[in-house]
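Structure first, commentary second.
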Amino acid sequence: MTDATDSSSTEALTQASTHEGGCACGVVRYRMQSAPMVVHCCHCSLCQRETGSAFAVNALIERDRVKLLSGDVKLVDTPSNSGKGQRIARCSACQTALYSHYAYGNIGDSLCFVRVGTLDDPSQMPPDVHIFTDSRQPWVQLPVGAPSYAQFYKASDVWSEGSLQRRAALFATAASRAS
Ligand SMILES: [Zn+2]
Ligand SMILES: [Zn+2]
């Protein structure tokens with residue numbers, strides 16, 4: 001592991017900005033304590049159904065880097081495109097969806113998919129990759145040159161080296177817990 005590289009890049013990202021957000025009623029407030037590993041724009045039909053919109057924008061970040069500043073979330077079991085389900089963290093008062101835990105290898109519980117639209121400034125986290133574009137709404141035009149995949153992708157094709165190291169650290173922690 002190259003811890004030195006990872007911590008220095010994390011530090012730089014933390015200094016660059018703090019990413020705060022919250023639910024619609026204002027009871028839940030959270031802070032992402034570093035930049036995410038990657039941002040997905042998911043065009044799958046379940047994200048469309050669940051959001052009532054054309055896609056969902058999710059920032060993937062370690063759970064221990066998402067700090068709840070106020071309020072409570074409840075985890076709601078919800079179907080996902082993979083068939084393995086997801087647990088959506090919703091404000092216990094207004095039910096706004098703030099983030100999900102998806103099945104992701106064995107690290108789903110330590111990984112938050114934060115709904116970028118709940119940030120105070122969602123423009124800080126544009127998508128790195130568009131996924132499940134085979135069910136994209138025909139009127140949604142993807143930016144020219146944006147990485148896009150008909151379904152899913154291989155992390156090493158999209159993620160930065162630093163983000164791959166962060167992901168590897170999550171898998172290592174999960175493996176040590178399991179053994
Ligand atoms: Zn709320
Ligand atoms: Zn989706």
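Here, A, B, ... name the chains of the structure tokens in the order displayed, residue numbers run from 1 inside each chain, and ligands are numbered from 1 in the same displayed order.
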Which polymer residues have any atom within 6 Å of an atom of Val57 of chain A, counting only C-alpha atoms, with same-chain residues fewer than 4 positions away left out, as a list in words?
His40, Cys41, Arg115 and Val116 of chain A
Restricting the output to N, CA and C atoms, write the selected residues as an mmCIF file, in the first residue's frame.
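Saved as selection.cif:
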data_model
loop_
_atom_site.group_PDB
_atom_site.id
_atom_site.type_symbol
_atom_site.label_atom_id
_atom_site.label_comp_id
_atom_site.auth_asym_id
_atom_site.auth_seq_id
_atom_site.Cartn_x
_atom_site.Cartn_y
_atom_site.Cartn_z
ATOM 1 N N HIS A 40 -20.957 8.911 -10.235
ATOM 2 C CA HIS A 40 -21.735 8.218 -11.260
ATOM 3 C C HIS A 40 -22.951 9.043 -11.655
ATOM 4 N N CYS A 41 -23.257 9.064 -12.927
ATOM 5 C CA CYS A 41 -24.594 9.452 -13.374
ATOM 6 C C CYS A 41 -25.248 8.185 -13.896
ATOM 7 N N ARG A 115 -26.248 11.189 -2.742
ATOM 8 C CA ARG A 115 -27.037 11.849 -3.792
ATOM 9 C C ARG A 115 -26.517 13.274 -3.968
ATOM 10 N N VAL A 116 -25.894 13.505 -5.094
ATOM 11 C CA VAL A 116 -25.208 14.779 -5.302
ATOM 12 C C VAL A 116 -26.176 15.961 -5.230
#
Output the neighbourhood of ligand 1 as a compact mmCIF listing (two decimals) with N, CA and C atoms, in the first residue's frame, that is, all protein and nucleic acid residues with some atom at most 10 Å from the ligand, counting only C-alpha atoms and all ligand atoms.
# COMPACT_ATOMS: atom_id res chain seq x y z
N GLY A 22 -27.73 18.44 2.80
CA GLY A 22 -28.79 18.08 3.73
C GLY A 22 -30.07 17.74 3.01
N CYS A 23 -31.06 17.39 3.83
CA CYS A 23 -32.36 16.99 3.28
C CYS A 23 -33.21 18.24 2.98
N ALA A 24 -34.41 18.00 2.46
CA ALA A 24 -35.28 19.12 2.08
C ALA A 24 -35.79 19.90 3.29
N CYS A 25 -36.07 19.21 4.40
CA CYS A 25 -36.66 19.92 5.56
C CYS A 25 -35.59 20.55 6.44
N GLY A 26 -34.34 20.18 6.24
CA GLY A 26 -33.25 20.82 6.98
C GLY A 26 -32.86 20.11 8.26
N VAL A 27 -33.59 19.05 8.64
CA VAL A 27 -33.26 18.34 9.88
C VAL A 27 -31.90 17.61 9.76
N VAL A 28 -31.69 16.94 8.62
CA VAL A 28 -30.43 16.22 8.43
C VAL A 28 -29.44 17.11 7.70
N ARG A 29 -28.26 17.25 8.29
CA ARG A 29 -27.15 17.93 7.64
C ARG A 29 -25.96 17.00 7.70
N GLY A 71 -29.56 15.60 12.88
CA GLY A 71 -30.68 14.78 12.43
C GLY A 71 -30.35 13.30 12.41
N ASP A 72 -31.35 12.52 12.00
CA ASP A 72 -31.22 11.07 11.93
C ASP A 72 -31.65 10.59 10.56
N VAL A 73 -30.98 9.53 10.09
CA VAL A 73 -31.45 8.89 8.87
C VAL A 73 -32.00 7.52 9.22
N ARG A 90 -32.61 7.79 4.41
CA ARG A 90 -33.56 8.90 4.22
C ARG A 90 -33.70 9.69 5.52
N CYS A 91 -33.93 10.97 5.39
CA CYS A 91 -34.23 11.80 6.57
C CYS A 91 -35.41 11.18 7.29
N SER A 92 -35.29 11.01 8.60
CA SER A 92 -36.39 10.37 9.33
C SER A 92 -37.61 11.29 9.40
N ALA A 93 -37.45 12.58 9.12
CA ALA A 93 -38.59 13.50 9.13
C ALA A 93 -39.20 13.64 7.73
N CYS A 94 -38.43 14.11 6.75
CA CYS A 94 -39.03 14.42 5.44
C CYS A 94 -38.79 13.34 4.39
N GLN A 95 -38.00 12.32 4.72
CA GLN A 95 -37.77 11.15 3.84
C GLN A 95 -36.92 11.44 2.61
N THR A 96 -36.34 12.62 2.53
CA THR A 96 -35.43 12.86 1.40
C THR A 96 -34.33 11.80 1.41
N ALA A 97 -34.04 11.25 0.23
CA ALA A 97 -32.94 10.27 0.10
C ALA A 97 -31.61 11.01 0.07
N LEU A 98 -30.73 10.66 1.01
CA LEU A 98 -29.44 11.35 1.11
C LEU A 98 -28.31 10.52 0.55
Would you list the contacts of Cys47 of chain A as a list in words, taking every protein, DNA or RNA residue within 12 Å and counting only C-alpha atoms, but skipping same-chain residues closer than 6 positions in sequence?
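Neighbouring residues, sequence-local ones excluded: His40, Cys41, Ser53, Ala54, Phe55, Ala56, Val57, Asn58, Thr78, Pro79, Ser80, Asn81, Ser82, Gln86, Ile88, Ala97, Ser100, Arg115, Ile131, Phe132, Thr133, Ser135, Arg136 and Gln137 of chain A.
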Using C-alpha atoms, can you export the residues from the last selection as a PDB file, in the first residue's frame?
ATOM      1  CA  HIS A  40     -21.735   8.218 -11.260  1.00  0.00           C
ATOM      2  CA  CYS A  41     -24.594   9.452 -13.374  1.00  0.00           C
ATOM      3  CA  SER A  53     -36.407  11.801 -12.857  1.00  0.00           C
ATOM      4  CA  ALA A  54     -34.188  10.793 -15.772  1.00  0.00           C
ATOM      5  CA  PHE A  55     -31.112   9.673 -13.807  1.00  0.00           C
ATOM      6  CA  ALA A  56     -29.464   9.662 -10.384  1.00  0.00           C
ATOM      7  CA  VAL A  57     -26.121  11.335  -9.635  1.00  0.00           C
ATOM      8  CA  ASN A  58     -24.192   9.506  -6.924  1.00  0.00           C
ATOM      9  CA  THR A  78     -35.165  -0.705  -1.886  1.00  0.00           C
ATOM     10  CA  PRO A  79     -34.671  -2.734  -5.082  1.00  0.00           C
ATOM     11  CA  SER A  80     -31.666  -1.915  -7.263  1.00  0.00           C
ATOM     12  CA  ASN A  81     -30.773  -2.551 -10.872  1.00  0.00           C
ATOM     13  CA  SER A  82     -28.335  -5.348  -9.934  1.00  0.00           C
ATOM     14  CA  GLN A  86     -29.814  -1.187  -1.815  1.00  0.00           C
ATOM     15  CA  ILE A  88     -31.367   4.161   1.064  1.00  0.00           C
ATOM     16  CA  ALA A  97     -32.945  10.268   0.102  1.00  0.00           C
ATOM     17  CA  SER A 100     -27.451   4.625  -0.466  1.00  0.00           C
ATOM     18  CA  ARG A 115     -27.037  11.849  -3.792  1.00  0.00           C
ATOM     19  CA  ILE A 131     -23.664   4.276 -16.651  1.00  0.00           C
ATOM     20  CA  PHE A 132     -26.585   2.175 -17.906  1.00  0.00           C
ATOM     21  CA  THR A 133     -26.920   4.518 -20.836  1.00  0.00           C
ATOM     22  CA  SER A 135     -31.872   2.980 -20.746  1.00  0.00           C
ATOM     23  CA  ARG A 136     -31.016   6.673 -20.993  1.00  0.00           C
ATOM     24  CA  GLN A 137     -33.958   8.916 -21.831  1.00  0.00           C
TER      25      GLN A 137
END
DSSP on the backbone, alpha helix (DSSP H) only: what residues of segment 6-166 of chain A does that give? Format it as an MDAnalysis selection string.
chainID A and resid 6:16 45:51 155:158 161:166
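With the cut-off set to 6 Å and only C-alpha atoms and all ligand atoms counted, the residues surrounding ligand 2 are A:Cys42, A:His43, A:Cys44, A:Leu46, A:Cys47.
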Writer output for current selection, C-alpha atoms, as a compact mmCIF listing (two decimals), in the first residue's frame:
# COMPACT_ATOMS: atom_id res chain seq x y z
CA CYS A 42 -26.84 6.40 -13.50
CA HIS A 43 -29.45 6.21 -16.24
CA CYS A 44 -30.87 2.84 -15.20
CA LEU A 46 -34.78 1.86 -11.42
CA CYS A 47 -32.93 5.11 -10.70
So, counting only C-alpha atoms, which residue among A:Arg49, A:Arg63, A:Pro36, A:Arg31 is closest to Ser160 of chain A?
A:Pro36
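Shell of Gln33 of chain A at 7 Å, with only C-alpha atoms counted and residues fewer than 2 places along the chain excluded, is Thr14, Thr18, His19, Arg31, Arg65 and Val66 of chain A.
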Applying 9 Å and only C-alpha atoms, which residues near Asp128 of chain A remain after dropping the ones on its own chain fewer than 5 positions away? List them as a short mmCIF file (atom, residue, chain, number, x, y, z; two decimals) with N, CA and C atoms, in the first residue's frame.
data_model
loop_
_atom_site.label_atom_id
_atom_site.label_comp_id
_atom_site.auth_asym_id
_atom_site.auth_seq_id
_atom_site.Cartn_x
_atom_site.Cartn_y
_atom_site.Cartn_z
N VAL A 38 -15.37 8.69 -6.97
CA VAL A 38 -15.86 8.80 -8.34
C VAL A 38 -17.31 9.26 -8.26
N VAL A 39 -17.80 9.89 -9.30
CA VAL A 39 -19.21 10.31 -9.35
C VAL A 39 -19.88 9.63 -10.53
N HIS A 40 -20.96 8.91 -10.24
CA HIS A 40 -21.74 8.22 -11.26
C HIS A 40 -22.95 9.04 -11.65
N CYS A 41 -23.26 9.06 -12.93
CA CYS A 41 -24.59 9.45 -13.37
C CYS A 41 -25.25 8.19 -13.90
N ALA A 146 -17.78 12.54 -22.77
CA ALA A 146 -18.00 12.02 -21.42
C ALA A 146 -17.90 10.50 -21.43
N PRO A 147 -17.13 9.91 -20.49
CA PRO A 147 -17.08 8.45 -20.44
C PRO A 147 -18.48 7.89 -20.19
N SER A 148 -18.90 6.96 -21.01
CA SER A 148 -20.23 6.40 -20.83
C SER A 148 -20.22 4.92 -21.18
N VAL A 158 -11.80 3.76 -15.19
CA VAL A 158 -12.42 5.07 -14.95
C VAL A 158 -11.82 5.79 -13.75
N TRP A 159 -11.53 5.05 -12.67
CA TRP A 159 -11.14 5.69 -11.43
C TRP A 159 -9.69 6.17 -11.49
#
Could you tell me how far atom CA of Ala174 of chain A sits from atom CA of Ile107 of chain A, in Å to one decimal place?
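Distance reported for this atom pair: 6.3 Å.
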Taking only C-alpha atoms into account, name the residue in A:Ala178, A:Ala103, A:Ala155, A:Leu170 that is nearest to Ile61 of chain A.
A:Leu170
Just to confirm, what's the straight-line distance from atom CA of Val129 of chain A to atom CA of Tyr149 of chain A in Å (one decimal)?
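So the answer is 7.8 Å.
Atom CA of Phe113 of chain A sits 13.3 Å away from atom CA of Gly85 of chain A.
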